[in-house]
$ cat my_file.cif   # mmCIF, C-alpha atoms and all ligand atoms
data_run
loop_
_atom_site.label_atom_id
_atom_site.label_comp_id
_atom_site.auth_asym_id
_atom_site.auth_seq_id
_atom_site.Cartn_x
_atom_site.Cartn_y
_atom_site.Cartn_z
CA MET Z 261 264.92 37.10 67.34
CA LEU Z 262 264.84 33.54 66.11
CA GLY Z 263 266.07 32.51 62.70
CA VAL Z 264 267.71 29.79 60.71
CA ALA Z 265 270.54 30.05 58.21
CA THR Z 266 269.73 31.29 54.73
CA PRO Z 267 269.20 28.21 52.50
CA GLY Z 268 272.32 27.41 50.50
CA VAL Z 269 274.47 29.87 52.45
CA ARG Z 270 277.21 28.35 54.59
CA ILE Z 271 279.13 30.63 56.93
CA GLY Z 272 281.49 29.16 59.50
CA ILE Z 273 284.41 29.84 61.81
CA THR Z 274 287.75 29.26 60.09
CA GLY Z 275 290.11 30.71 62.69
CA LEU Z 276 290.13 30.92 66.47
CA GLY Z 277 292.47 32.63 68.93
CA THR Z 278 292.39 33.60 72.60
CA HIS Z 279 294.42 35.52 75.12
CA VAL Z 280 294.26 36.02 78.88
CA PRO Z 281 296.40 38.28 81.07
CA GLU Z 282 299.39 36.65 82.74
CA ARG Z 283 298.40 37.48 86.30
CA VAL Z 284 296.54 34.63 88.02
CA MET Z 285 294.53 35.66 91.06
CA THR Z 286 293.41 32.86 93.38
CA ASN Z 287 290.45 32.79 95.74
CA ALA Z 288 292.89 32.85 98.65
CA GLU Z 289 294.26 36.18 97.41
CA LEU Z 290 290.75 37.64 97.17
CA ALA Z 291 290.11 36.49 100.73
CA GLN Z 292 292.87 38.92 101.77
CA ILE Z 293 291.02 41.81 100.09
CA VAL Z 294 287.36 41.16 101.08
CA GLU Z 295 285.62 38.95 103.63
CA THR Z 296 285.28 35.72 101.69
CA SER Z 297 286.86 32.29 101.51
CA ASP Z 298 288.13 29.85 98.91
CA GLU Z 299 285.51 27.39 100.14
CA TRP Z 300 282.58 29.82 99.69
CA ILE Z 301 283.67 30.83 96.20
CA ARG Z 302 284.25 27.26 95.03
CA GLU Z 303 280.98 25.95 96.48
CA ARG Z 304 278.77 28.80 95.24
CA THR Z 305 280.41 29.41 91.87
CA GLY Z 306 282.92 26.68 90.97
CA ILE Z 307 285.62 29.34 90.48
CA ARG Z 308 289.15 28.60 91.71
CA GLU Z 309 291.09 31.41 90.06
CA ARG Z 310 290.82 34.12 87.41
CA ARG Z 311 293.15 36.27 85.30
CA ILE Z 312 293.49 39.97 86.10
CA ALA Z 313 294.86 42.54 83.67
CA ALA Z 314 297.85 44.64 84.70
CA ASP Z 315 297.31 48.31 85.58
CA ASP Z 316 298.46 49.42 82.16
CA GLU Z 317 296.58 46.70 80.23
CA ALA Z 318 293.32 47.72 78.53
CA LEU Z 319 290.87 45.75 76.39
CA THR Z 320 292.73 46.10 73.11
CA ASP Z 321 295.97 44.91 74.76
CA ILE Z 322 294.40 41.53 75.49
CA ALA Z 323 292.20 41.45 72.38
CA MET Z 324 295.11 42.09 70.02
CA PRO Z 325 296.99 38.79 70.64
CA ALA Z 326 293.69 36.89 70.37
CA ALA Z 327 292.94 38.56 67.03
CA VAL Z 328 296.44 37.91 65.68
CA ALA Z 329 296.14 34.23 66.66
CA ALA Z 330 292.70 33.89 65.02
CA LEU Z 331 293.94 35.45 61.78
CA ALA Z 332 296.99 33.17 61.71
CA ASP Z 333 294.80 30.17 62.45
CA ALA Z 334 292.58 31.02 59.46
CA GLY Z 335 295.56 31.85 57.28
CA ALA Z 336 293.87 35.21 56.68
CA ASP Z 337 295.61 38.31 55.44
CA PRO Z 338 294.44 41.15 57.74
CA ALA Z 339 294.14 43.44 54.73
CA GLU Z 340 291.36 41.18 53.38
CA ILE Z 341 289.17 41.52 56.47
CA ASP Z 342 286.27 43.82 55.61
CA LEU Z 343 284.36 43.66 58.91
CA LEU Z 344 285.61 43.80 62.49
CA ILE Z 345 283.10 43.62 65.34
CA CYS Z 346 284.41 43.92 68.87
CA ALA Z 347 281.98 42.75 71.56
CA THR Z 348 282.86 44.32 74.88
CA VAL Z 349 281.48 46.35 77.78
CA THR Z 350 284.97 47.50 78.77
CA PRO Z 351 286.38 49.16 75.64
CA ASP Z 352 289.60 51.18 76.02
CA MET Z 353 287.30 54.24 75.87
CA MET Z 354 283.90 55.04 74.35
CA PHE Z 355 285.53 56.37 71.19
CA PRO Z 356 287.52 55.79 69.18
CA THR Z 357 286.02 52.33 69.44
CA SER Z 358 288.19 49.38 70.33
CA ALA Z 359 287.24 47.84 67.00
CA ALA Z 360 288.59 50.87 65.12
CA LEU Z 361 291.80 50.80 67.17
CA LEU Z 362 292.23 47.07 66.54
CA ALA Z 363 291.53 47.40 62.81
CA ASP Z 364 294.20 50.07 62.58
CA ALA Z 365 296.76 48.14 64.62
CA LEU Z 366 296.09 44.93 62.66
CA GLY Z 367 296.29 46.64 59.25
CA MET Z 368 292.69 46.39 58.01
CA PRO Z 369 292.12 49.47 55.87
CA LYS Z 370 289.02 47.96 54.20
CA ALA Z 371 287.24 46.94 57.38
CA ALA Z 372 284.03 48.38 58.75
CA ALA Z 373 284.79 48.35 62.48
CA TYR Z 374 282.54 48.92 65.45
CA ASP Z 375 282.01 47.87 69.06
CA LEU Z 376 278.97 45.91 70.13
CA LEU Z 377 277.55 46.25 73.62
CA ALA Z 378 275.42 43.32 74.79
CA GLY Z 379 276.93 42.39 78.15
CA CYS Z 380 278.16 38.82 78.48
CA THR Z 381 276.04 37.91 75.43
CA GLY Z 382 278.17 40.24 73.29
CA PHE Z 383 280.09 37.51 71.49
CA VAL Z 384 276.95 35.60 70.47
CA TYR Z 385 275.29 38.82 69.27
CA ALA Z 386 278.45 39.68 67.33
CA ILE Z 387 278.73 36.35 65.53
CA ALA Z 388 275.03 36.59 64.62
CA GLN Z 389 275.65 40.03 63.14
CA ALA Z 390 278.74 38.92 61.27
CA TYR Z 391 276.73 35.96 59.97
CA GLY Z 392 274.09 38.36 58.61
CA MET Z 393 276.69 40.57 56.93
CA LEU Z 394 278.46 37.58 55.38
CA ALA Z 395 275.28 35.76 54.35
CA SER Z 396 274.00 38.87 52.56
CA GLY Z 397 277.31 39.29 50.73
CA LEU Z 398 278.03 42.68 52.33
CA SER Z 399 281.12 41.20 53.97
CA ARG Z 400 283.43 38.50 52.62
CA ARG Z 401 285.69 37.83 55.58
CA ALA Z 402 284.99 39.03 59.11
CA LEU Z 403 286.87 39.13 62.39
CA VAL Z 404 284.77 38.94 65.54
CA VAL Z 405 286.45 39.75 68.84
CA GLY Z 406 284.89 39.16 72.25
CA GLY Z 407 286.68 40.33 75.35
CA ASP Z 408 286.43 42.18 78.61
CA VAL Z 409 288.57 43.53 81.41
CA LEU Z 410 285.84 43.69 84.01
CA SER Z 411 288.46 43.94 86.75
CA LYS Z 412 288.69 47.63 85.76
CA ILE Z 413 285.04 48.39 86.61
CA LEU Z 414 284.55 46.09 89.61
CA ASP Z 415 284.06 47.37 93.12
CA TRP Z 416 287.07 45.83 94.84
CA GLU Z 417 285.28 46.21 98.19
CA ASP Z 418 282.14 44.31 97.13
CA ARG Z 419 282.62 40.59 97.73
CA SER Z 420 279.36 39.70 96.00
CA THR Z 421 280.70 40.77 92.59
CA LEU Z 422 284.49 40.83 93.00
CA VAL Z 423 284.89 37.07 93.26
CA LEU Z 424 282.90 36.27 90.12
CA PHE Z 425 284.69 37.99 87.28
CA GLY Z 426 287.98 37.76 85.40
CA ASP Z 427 289.63 39.20 82.29
CA GLY Z 428 290.09 37.51 78.92
CA ALA Z 429 289.47 37.71 75.19
CA GLY Z 430 288.89 35.54 72.15
CA ALA Z 431 288.53 36.12 68.43
CA VAL Z 432 287.21 34.21 65.45
CA VAL Z 433 287.50 34.63 61.70
CA MET Z 434 284.17 34.03 59.93
CA GLU Z 435 283.67 33.44 56.22
CA PRO Z 436 281.91 31.16 53.70
CA VAL Z 437 282.68 27.47 54.18
CA GLU Z 438 282.28 24.34 52.06
CA ARG Z 439 279.98 22.40 54.41
CA GLY Z 440 278.37 22.87 57.80
CA GLY Z 441 278.56 26.34 59.29
CA PHE Z 442 275.97 28.24 61.34
CA LEU Z 443 272.47 26.73 61.38
CA GLY Z 444 270.63 29.44 63.31
CA PHE Z 445 270.47 31.99 66.12
CA GLU Z 446 268.13 32.95 68.93
CA LEU Z 447 268.73 36.35 70.56
CA GLY Z 448 266.81 38.44 73.04
CA ALA Z 449 266.88 41.33 75.50
CA ASP Z 450 264.86 42.41 78.54
CA GLY Z 451 265.72 45.96 79.57
CA GLY Z 452 263.11 45.66 82.32
CA GLY Z 453 265.56 43.47 84.21
CA GLY Z 454 268.51 45.71 83.35
CA GLU Z 455 268.97 47.10 86.86
CA ASN Z 456 269.88 43.63 88.11
CA LEU Z 457 273.28 43.91 86.42
CA TRP Z 458 274.24 47.43 85.60
CA TYR Z 459 276.93 50.05 85.40
CA PRO Z 460 275.18 53.28 86.35
CA GLY Z 461 277.00 56.49 85.55
CA SER Z 462 278.90 54.97 82.63
CA GLY Z 463 276.91 56.91 80.04
CA SER Z 464 274.98 60.13 79.52
CA ARG Z 465 272.50 59.62 82.35
CA LYS Z 466 273.63 60.99 85.70
CA PHE Z 467 273.60 58.59 88.64
CA ASP Z 468 274.87 58.66 92.17
CA ASN Z 469 277.66 56.19 91.41
CA PRO Z 470 280.70 58.42 91.74
CA GLU Z 471 283.16 55.54 91.59
CA GLY Z 472 281.58 54.34 88.33
CA LEU Z 473 281.43 50.66 89.26
CA LEU Z 474 279.47 47.58 88.22
CA LYS Z 475 276.52 46.64 90.42
CA MET Z 476 274.58 43.40 90.52
CA ASN Z 477 271.64 41.73 92.20
CA GLY Z 478 273.16 38.24 92.11
CA ARG Z 479 270.05 36.30 93.13
CA GLU Z 480 267.89 37.91 90.43
CA VAL Z 481 270.54 37.36 87.75
CA PHE Z 482 270.86 33.75 88.91
CA LYS Z 483 267.10 33.20 88.45
CA PHE Z 484 267.17 34.87 85.03
CA ALA Z 485 270.24 32.90 83.95
CA THR Z 486 268.89 29.47 84.84
CA ARG Z 487 265.57 30.18 83.09
CA ILE Z 488 267.00 31.78 79.95
CA MET Z 489 269.82 29.29 79.27
CA VAL Z 490 267.19 26.56 79.00
CA TYR Z 491 264.60 28.68 77.15
CA SER Z 492 267.02 29.89 74.48
CA ALA Z 493 268.27 26.39 73.65
CA GLN Z 494 264.74 25.03 73.58
CA GLN Z 495 263.72 27.73 71.09
CA LEU Z 496 266.66 27.32 68.76
CA LEU Z 497 267.11 23.55 68.50
CA PRO Z 498 263.69 22.65 66.99
CA GLU Z 499 263.80 25.73 64.75
CA CYS Z 500 266.97 24.25 63.22
CA GLY Z 501 265.45 20.76 63.04
CA LYS Z 502 267.78 19.47 65.78
CA SER Z 503 267.33 17.96 69.22
CA VAL Z 504 269.40 17.80 72.38
CA GLU Z 505 270.64 14.33 71.34
CA ASP Z 506 272.26 15.85 68.24
CA ILE Z 507 274.53 18.16 70.26
CA ASP Z 508 278.18 17.12 70.36
CA VAL Z 509 279.55 20.11 72.27
CA TYR Z 510 277.65 22.44 74.60
CA ILE Z 511 279.30 25.79 75.32
CA PRO Z 512 277.36 27.68 77.98
CA HIS Z 513 278.39 31.13 79.20
CA GLN Z 514 280.87 30.60 82.01
CA ALA Z 515 279.31 32.60 84.85
CA ASN Z 516 278.74 30.07 87.59
CA LYS Z 517 279.12 26.28 87.64
CA ARG Z 518 275.76 26.01 89.40
CA ILE Z 519 274.03 27.81 86.52
CA ILE Z 520 275.75 25.49 84.02
CA ASP Z 521 274.79 22.39 86.03
CA TYR Z 522 271.18 23.53 86.17
CA ALA Z 523 270.99 24.15 82.41
CA VAL Z 524 272.69 20.85 81.61
CA GLY Z 525 270.28 18.97 83.89
CA LYS Z 526 267.13 20.66 82.61
CA LEU Z 527 268.09 20.33 78.95
CA GLY Z 528 269.30 16.76 79.37
CA ILE Z 529 272.71 17.42 77.85
CA PRO Z 530 275.31 14.92 79.11
CA PRO Z 531 277.82 16.76 81.33
CA GLU Z 532 280.69 15.17 79.37
CA LYS Z 533 279.57 17.13 76.29
CA THR Z 534 279.69 20.40 78.22
CA ILE Z 535 282.70 22.72 78.29
CA VAL Z 536 283.48 24.17 81.72
CA ASN Z 537 286.42 26.47 82.40
CA VAL Z 538 284.83 28.89 84.86
CA ASP Z 539 287.09 27.29 87.49
CA ARG Z 540 290.19 28.74 85.75
CA TYR Z 541 288.89 32.04 84.35
CA GLY Z 542 285.78 33.09 86.30
CA ASN Z 543 283.25 35.04 84.25
CA THR Z 544 285.13 36.82 81.46
CA SER Z 545 281.93 38.30 79.94
CA SER Z 546 282.36 38.62 76.16
CA GLY Z 547 285.51 36.49 76.33
CA SER Z 548 283.75 33.56 77.94
CA ILE Z 549 282.38 31.69 74.92
CA PRO Z 550 285.44 31.97 72.63
CA LEU Z 551 287.69 30.90 75.54
CA ALA Z 552 285.48 27.85 76.05
CA LEU Z 553 285.44 27.17 72.31
CA ALA Z 554 289.25 27.15 72.34
CA ASP Z 555 289.23 24.68 75.24
CA ALA Z 556 286.88 22.45 73.26
CA ARG Z 557 289.36 22.48 70.41
CA THR Z 558 292.31 21.74 72.70
CA ASP Z 559 290.32 18.75 74.00
CA GLY Z 560 289.97 17.51 70.41
CA ARG Z 561 286.19 17.97 70.38
CA LEU Z 562 285.90 20.25 67.36
CA HIS Z 563 285.98 17.57 64.69
CA ASP Z 564 284.50 18.19 61.28
CA GLY Z 565 280.70 17.99 61.50
CA ALA Z 566 280.53 18.40 65.30
CA LEU Z 567 277.31 20.17 66.31
CA ILE Z 568 278.03 22.97 68.78
CA LEU Z 569 275.45 24.82 70.85
CA MET Z 570 276.63 28.10 72.39
CA THR Z 571 274.44 30.07 74.80
CA GLY Z 572 275.30 33.37 76.43
CA MET Z 573 273.42 35.60 78.87
CA GLY Z 574 274.21 38.71 80.80
CA ALA Z 575 273.78 42.45 81.23
CA GLY Z 576 270.90 44.07 79.41
CA LEU Z 577 269.52 41.71 80.41
CA THR Z 578 270.41 39.90 77.20
CA TRP Z 579 270.71 36.34 76.01
CA GLY Z 580 271.56 34.48 72.83
CA SER Z 581 272.25 31.07 71.35
CA ALA Z 582 274.03 29.98 68.20
CA LEU Z 583 274.03 26.55 66.61
CA LEU Z 584 277.09 25.71 64.55
CA GLU Z 585 278.19 22.67 62.60
CA TRP Z 586 281.96 22.85 62.89
CA THR Z 587 283.97 22.72 59.72
CA THR Z 588 287.42 23.68 58.65
CA GLY Z 589 286.88 23.47 54.90
CA ARG Z 590 286.76 26.66 52.86
CA PRO Z 591 285.27 26.67 49.38
CA SER Z 592 288.02 26.05 46.81
O1 LIG Q 601 276.96 37.02 83.18
C1 LIG Q 601 276.06 37.13 84.21
C2 LIG Q 601 276.80 37.59 85.41
N1 LIG Q 601 276.30 37.28 86.70
C3 LIG Q 601 275.93 36.07 87.15
O2 LIG Q 601 275.81 35.10 86.47
C4 LIG Q 601 275.65 35.99 88.62
C5 LIG Q 601 274.47 35.13 88.96
N2 LIG Q 601 274.36 34.95 90.41
C6 LIG Q 601 275.17 34.10 91.07
O3 LIG Q 601 276.03 33.45 90.49
C7 LIG Q 601 274.92 33.93 92.57
O4 LIG Q 601 273.73 34.57 92.92
C8 LIG Q 601 276.10 34.48 93.43
C9 LIG Q 601 277.33 33.61 93.27
C10 LIG Q 601 276.40 35.91 93.07
C11 LIG Q 601 275.72 34.43 94.91
O5 LIG Q 601 275.40 33.11 95.29
P1 LIG Q 601 274.06 32.82 96.11
O6 LIG Q 601 274.07 31.39 96.45
O7 LIG Q 601 272.91 33.36 95.30
O8 LIG Q 601 274.31 33.66 97.40
P2 LIG Q 601 273.40 34.82 98.01
O9 LIG Q 601 273.47 36.04 97.17
O10 LIG Q 601 272.05 34.24 98.32
O11 LIG Q 601 274.17 35.12 99.34
C12 LIG Q 601 274.29 34.12 100.38
C13 LIG Q 601 275.18 34.70 101.48
C14 LIG Q 601 274.82 36.12 101.86
O12 LIG Q 601 274.95 36.24 103.25
P3 LIG Q 601 273.64 36.19 104.19
O13 LIG Q 601 272.77 37.33 103.73
O14 LIG Q 601 273.01 34.85 103.95
O15 LIG Q 601 274.21 36.37 105.56
C15 LIG Q 601 275.88 36.95 101.20
O16 LIG Q 601 276.13 38.14 101.89
O17 LIG Q 601 276.52 34.73 101.02
C16 LIG Q 601 277.07 36.04 101.28
N3 LIG Q 601 278.08 36.30 100.29
C17 LIG Q 601 279.35 35.92 100.41
N4 LIG Q 601 279.98 35.26 101.40
C18 LIG Q 601 281.28 34.99 101.23
C19 LIG Q 601 277.95 36.94 99.08
N5 LIG Q 601 279.13 36.96 98.44
C20 LIG Q 601 280.02 36.34 99.25
C21 LIG Q 601 281.37 36.05 99.15
N6 LIG Q 601 281.96 35.38 100.15
N7 LIG Q 601 282.11 36.38 98.07
#
$ encode --input "my_file.cif" --output "structure tokens" --more "lines below"
Ligand code: UT7
Amino acid sequence: MLGVATPGVRIGITGLGTHVPERVMTNAELAQIVETSDEWIRERTGIRERRIAADDEALTDIAMPAAVAALADAGADPAEIDLLICATVTPDMMFPTSAALLADALGMPKAAAYDLLAGCTGFVYAIAQAYGMLASGLSRRALVVGGDVLSKILDWEDRSTLVLFGDGAGAVVMEPVERGGFLGFELGADGGGGENLWYPGSGSRKFDNPEGLLKMNGREVFKFATRIMVYSAQQLLPECGKSVEDIDVYIPHQANKRIIDYAVGKLGIPPEKTIVNVDRYGNTSSGSIPLALADARTDGRLHDGALILMTGMGAGLTWGSALLEWTTGRPS
């Protein structure tokens, strides 16, 4: 799917919040659990540490503080939110959905609330959907949450996946804005490559995966990721009448520093315009892009008018890009 913003319709992000679990787990600690080393993990992935949820912490426990912070940041009354999309592959349970639980806990009686499952691309898919709902006038103020606690579905004996992932969440308030806003989206999926990053036994099809754990063919996902990060950006930018030179902030999915470096090199985006926090959080799946967006703001990069390219990719296999002109101004 490739499309540009509806002419005359400006929808932007007016609030942003994030949350990560307290527990920091270093590479050295992982090296005591599986046969790996800090050196291998840093060289092959760029990851130094990640956050790991406590035993009794589920997705909504880390999503809730992120949502509260995003609402406060937007100055939004929760009761006015009429749409809540929660992008995650690790909901508290299949149903009730995490979105419904969050809407209840936050006090959003008017909100349509549902979970969205698109792997690590979940957040980009969710903001595209919220954009569509807002642009059509179906929704007036939306909350989009992206978060995962992948530590709960990892095989803690499999070094090839264990070292890559971490837990975290982010949330944004989306609504009409005075200027700027989203310029367009490019989204896609290739179920044919789905078995390269999958969670067999997690649904209605029976598999021999009694532990119910995530499985990945890292090399194949690496090839897919490097190709698709470049492809998606190259589709979206010209469609929106923009070029690589126009980008002020590049927010790639934080899966592996080598994947980010490849995309940056191929696209010709200056590294200094690229947000990288995979070293601190690992791959937080649906939490990755909002966490990076928050880092961009902390760095003072989200000035009014800044052009932001976000690209996600992950299980499905899925991918997606969004182009956003940052603004803080709401229509008076
Ligand atoms: O959101 C999308 C999520 N997933 C991804 O983005 C993952 C994409 N893939 C990757 O990032 C990389 O493929 C990995 C980081 C997973 C692996 O890096 P690689 O450079 O592709 O390594 P490899 O799979 O080719 O494995 C090289 C060696 C193997 O040993 P042999 O067969 O050469 O003896 C692995 O067994 O490294 C070994 N290895 C490890 N060694 C130490 C694999 N994992 C580890 C580990 N520690 N944690």
$ axis_aligned_box --input "my_file.cif" --around "range 502-521 of chain Z" --padding-each-side "5 Å" --output "JSON"
{"center_x": 274.1, "center_y": 23.5, "center_z": 77.6, "size_x": 23.5, "size_y": 28.3, "size_z": 33.6}
$ residues_near_ligand --input "my_file.cif" --ligand "ligand LIG 601 (chain Q)" --cutoff "7 Å" --atoms "only C-alpha atoms and all ligand atoms" --output "PyMOL selection string"
chain Z and resi 295-297+300-301+304-305+380+419-421+423-424+478-479+481-482+485+515-516+543+545+573-575
$ closest_residue --input "my_file.cif" --among "Z:Ala431, Z:Ile511, Z:Val490, Z:Tyr541" --to "Lys526 in chain Z" --atoms "all atoms listed in the file"
Z:Val490
$ closest_residue --input "my_file.cif" --among "Z:Ala523, Z:Ala327, Z:Ala314, Z:Val384" --to "Gly580 in chain Z" --atoms "all atoms listed in the file"
Z:Val384
$ atom_distance --input "my_file.cif" --atom1 "CA of Gly444 in chain Z" --atom2 "CA of Ile529 in chain Z"
19.0 Å
$ closest_residue --input "my_file.cif" --among "Z:Ser503, Z:Thr274, Z:Thr588, Z:Gln292" --to "Leu331 in chain Z" --atoms "all atoms listed in the file"
Z:Thr274
$ closest_residue --input "my_file.cif" --among "Z:Asn469, Z:Gln495, Z:Gln514, Z:Thr350" --to "Val409 in chain Z" --atoms "all atoms listed in the file"
Z:Thr350
$ closest_residue --input "my_file.cif" --among "Z:Ala388, Z:Ala556, Z:Leu290, Z:Leu394" --to "Val269 in chain Z" --atoms "only C-alpha atoms"
Z:Leu394
$ closest_residue --input "my_file.cif" --among "Z:Arg270, Z:Lys370, Z:Arg401, Z:Arg302" --to "Met434 in chain Z" --atoms "all atoms listed in the file"
Z:Arg401
$ residues_around --input "my_file.cif" --residues "Ile307 in chain Z" --least-positions-apart "4" --cutoff "6 Å" --atoms "only C-alpha atoms" --output "PyMOL selection string"
chain Z and resi 302+538-539+542
$ residues_around --input "my_file.cif" --residues "Ala334 in chain Z" --least-positions-apart "3" --cutoff "10 Å" --atoms "all atoms listed in the file" --output "PyMOL selection string"
chain Z and resi 273-277+329-331+337+432-435+588+590
$ atom_distance --input "my_file.cif" --atom1 "CA of Leu551 in chain Z" --atom2 "CA of Gly407 in chain Z"
9.5 Å
$ atom_distance --input "my_file.cif" --atom1 "CA of Ser411 in chain Z" --atom2 "CA of Pro512 in chain Z"
21.6 Å
$ residues_around --input "my_file.cif" --residues "range 449-461 of chain Z" --least-positions-apart "3" --cutoff "7 Å" --atoms "only C-alpha atoms" --output "list in words"
Arg465, Lys466, Phe467, Asn469, Gly472, Leu473, Leu474, Lys475, Met476, Asn477, Glu480, Val481, Ala575, Gly576, Leu577, Thr578 and Trp579 of chain Z
$ residues_around --input "my_file.cif" --residues "Thr266 in chain Z" --least-positions-apart "5" --cutoff "10 Å" --atoms "all atoms listed in the file" --output "ChimeraX atom specification"
/Z:271,391-392,395-396,442-444
$ build_atoms --input "my_file.cif" --residues "range 355-368 of chain Z" --atoms "N, CA, C and O atoms" --output "PDB file, in the frame of the given file"
ATOM      1  N   PHE Z 355     285.045  56.234  72.569  1.00  0.00           N
ATOM      2  CA  PHE Z 355     285.530  56.370  71.190  1.00  0.00           C
ATOM      3  C   PHE Z 355     286.872  57.077  71.208  1.00  0.00           C
ATOM      4  O   PHE Z 355     287.132  57.863  72.111  1.00  0.00           O
ATOM      5  N   PRO Z 356     287.760  56.739  70.259  1.00  0.00           N
ATOM      6  CA  PRO Z 356     287.520  55.790  69.180  1.00  0.00           C
ATOM      7  C   PRO Z 356     287.195  54.399  69.747  1.00  0.00           C
ATOM      8  O   PRO Z 356     287.664  54.034  70.821  1.00  0.00           O
ATOM      9  N   THR Z 357     286.415  53.656  68.978  1.00  0.00           N
ATOM     10  CA  THR Z 357     286.020  52.330  69.440  1.00  0.00           C
ATOM     11  C   THR Z 357     287.227  51.400  69.474  1.00  0.00           C
ATOM     12  O   THR Z 357     288.216  51.599  68.756  1.00  0.00           O
ATOM     13  N   SER Z 358     287.106  50.368  70.273  1.00  0.00           N
ATOM     14  CA  SER Z 358     288.190  49.380  70.330  1.00  0.00           C
ATOM     15  C   SER Z 358     288.324  48.671  68.991  1.00  0.00           C
ATOM     16  O   SER Z 358     289.427  48.306  68.573  1.00  0.00           O
ATOM     17  N   ALA Z 359     287.193  48.485  68.311  1.00  0.00           N
ATOM     18  CA  ALA Z 359     287.240  47.840  67.000  1.00  0.00           C
ATOM     19  C   ALA Z 359     288.048  48.678  66.011  1.00  0.00           C
ATOM     20  O   ALA Z 359     288.860  48.146  65.244  1.00  0.00           O
ATOM     21  N   ALA Z 360     287.841  49.992  66.033  1.00  0.00           N
ATOM     22  CA  ALA Z 360     288.590  50.870  65.120  1.00  0.00           C
ATOM     23  C   ALA Z 360     290.079  50.838  65.456  1.00  0.00           C
ATOM     24  O   ALA Z 360     290.936  50.792  64.560  1.00  0.00           O
ATOM     25  N   LEU Z 361     290.395  50.848  66.752  1.00  0.00           N
ATOM     26  CA  LEU Z 361     291.800  50.800  67.170  1.00  0.00           C
ATOM     27  C   LEU Z 361     292.446  49.478  66.748  1.00  0.00           C
ATOM     28  O   LEU Z 361     293.578  49.446  66.257  1.00  0.00           O
ATOM     29  N   LEU Z 362     291.698  48.389  66.915  1.00  0.00           N
ATOM     30  CA  LEU Z 362     292.230  47.070  66.540  1.00  0.00           C
ATOM     31  C   LEU Z 362     292.418  46.975  65.024  1.00  0.00           C
ATOM     32  O   LEU Z 362     293.437  46.464  64.544  1.00  0.00           O
ATOM     33  N   ALA Z 363     291.435  47.465  64.276  1.00  0.00           N
ATOM     34  CA  ALA Z 363     291.530  47.400  62.810  1.00  0.00           C
ATOM     35  C   ALA Z 363     292.764  48.147  62.327  1.00  0.00           C
ATOM     36  O   ALA Z 363     293.476  47.695  61.417  1.00  0.00           O
ATOM     37  N   ASP Z 364     293.029  49.287  62.957  1.00  0.00           N
ATOM     38  CA  ASP Z 364     294.200  50.070  62.580  1.00  0.00           C
ATOM     39  C   ASP Z 364     295.487  49.318  62.928  1.00  0.00           C
ATOM     40  O   ASP Z 364     296.389  49.171  62.093  1.00  0.00           O
ATOM     41  N   ALA Z 365     295.536  48.819  64.166  1.00  0.00           N
ATOM     42  CA  ALA Z 365     296.760  48.140  64.620  1.00  0.00           C
ATOM     43  C   ALA Z 365     297.013  46.857  63.827  1.00  0.00           C
ATOM     44  O   ALA Z 365     298.166  46.469  63.613  1.00  0.00           O
ATOM     45  N   LEU Z 366     295.949  46.202  63.385  1.00  0.00           N
ATOM     46  CA  LEU Z 366     296.090  44.930  62.660  1.00  0.00           C
ATOM     47  C   LEU Z 366     296.351  45.137  61.167  1.00  0.00           C
ATOM     48  O   LEU Z 366     296.736  44.204  60.478  1.00  0.00           O
ATOM     49  N   GLY Z 367     296.112  46.355  60.678  1.00  0.00           N
ATOM     50  CA  GLY Z 367     296.290  46.640  59.250  1.00  0.00           C
ATOM     51  C   GLY Z 367     295.106  46.179  58.425  1.00  0.00           C
ATOM     52  O   GLY Z 367     295.229  45.305  57.560  1.00  0.00           O
ATOM     53  N   MET Z 368     293.937  46.766  58.713  1.00  0.00           N
ATOM     54  CA  MET Z 368     292.690  46.390  58.010  1.00  0.00           C
ATOM     55  C   MET Z 368     292.034  47.626  57.421  1.00  0.00           C
ATOM     56  O   MET Z 368     290.969  48.053  57.887  1.00  0.00           O
TER      57      MET Z 368
END
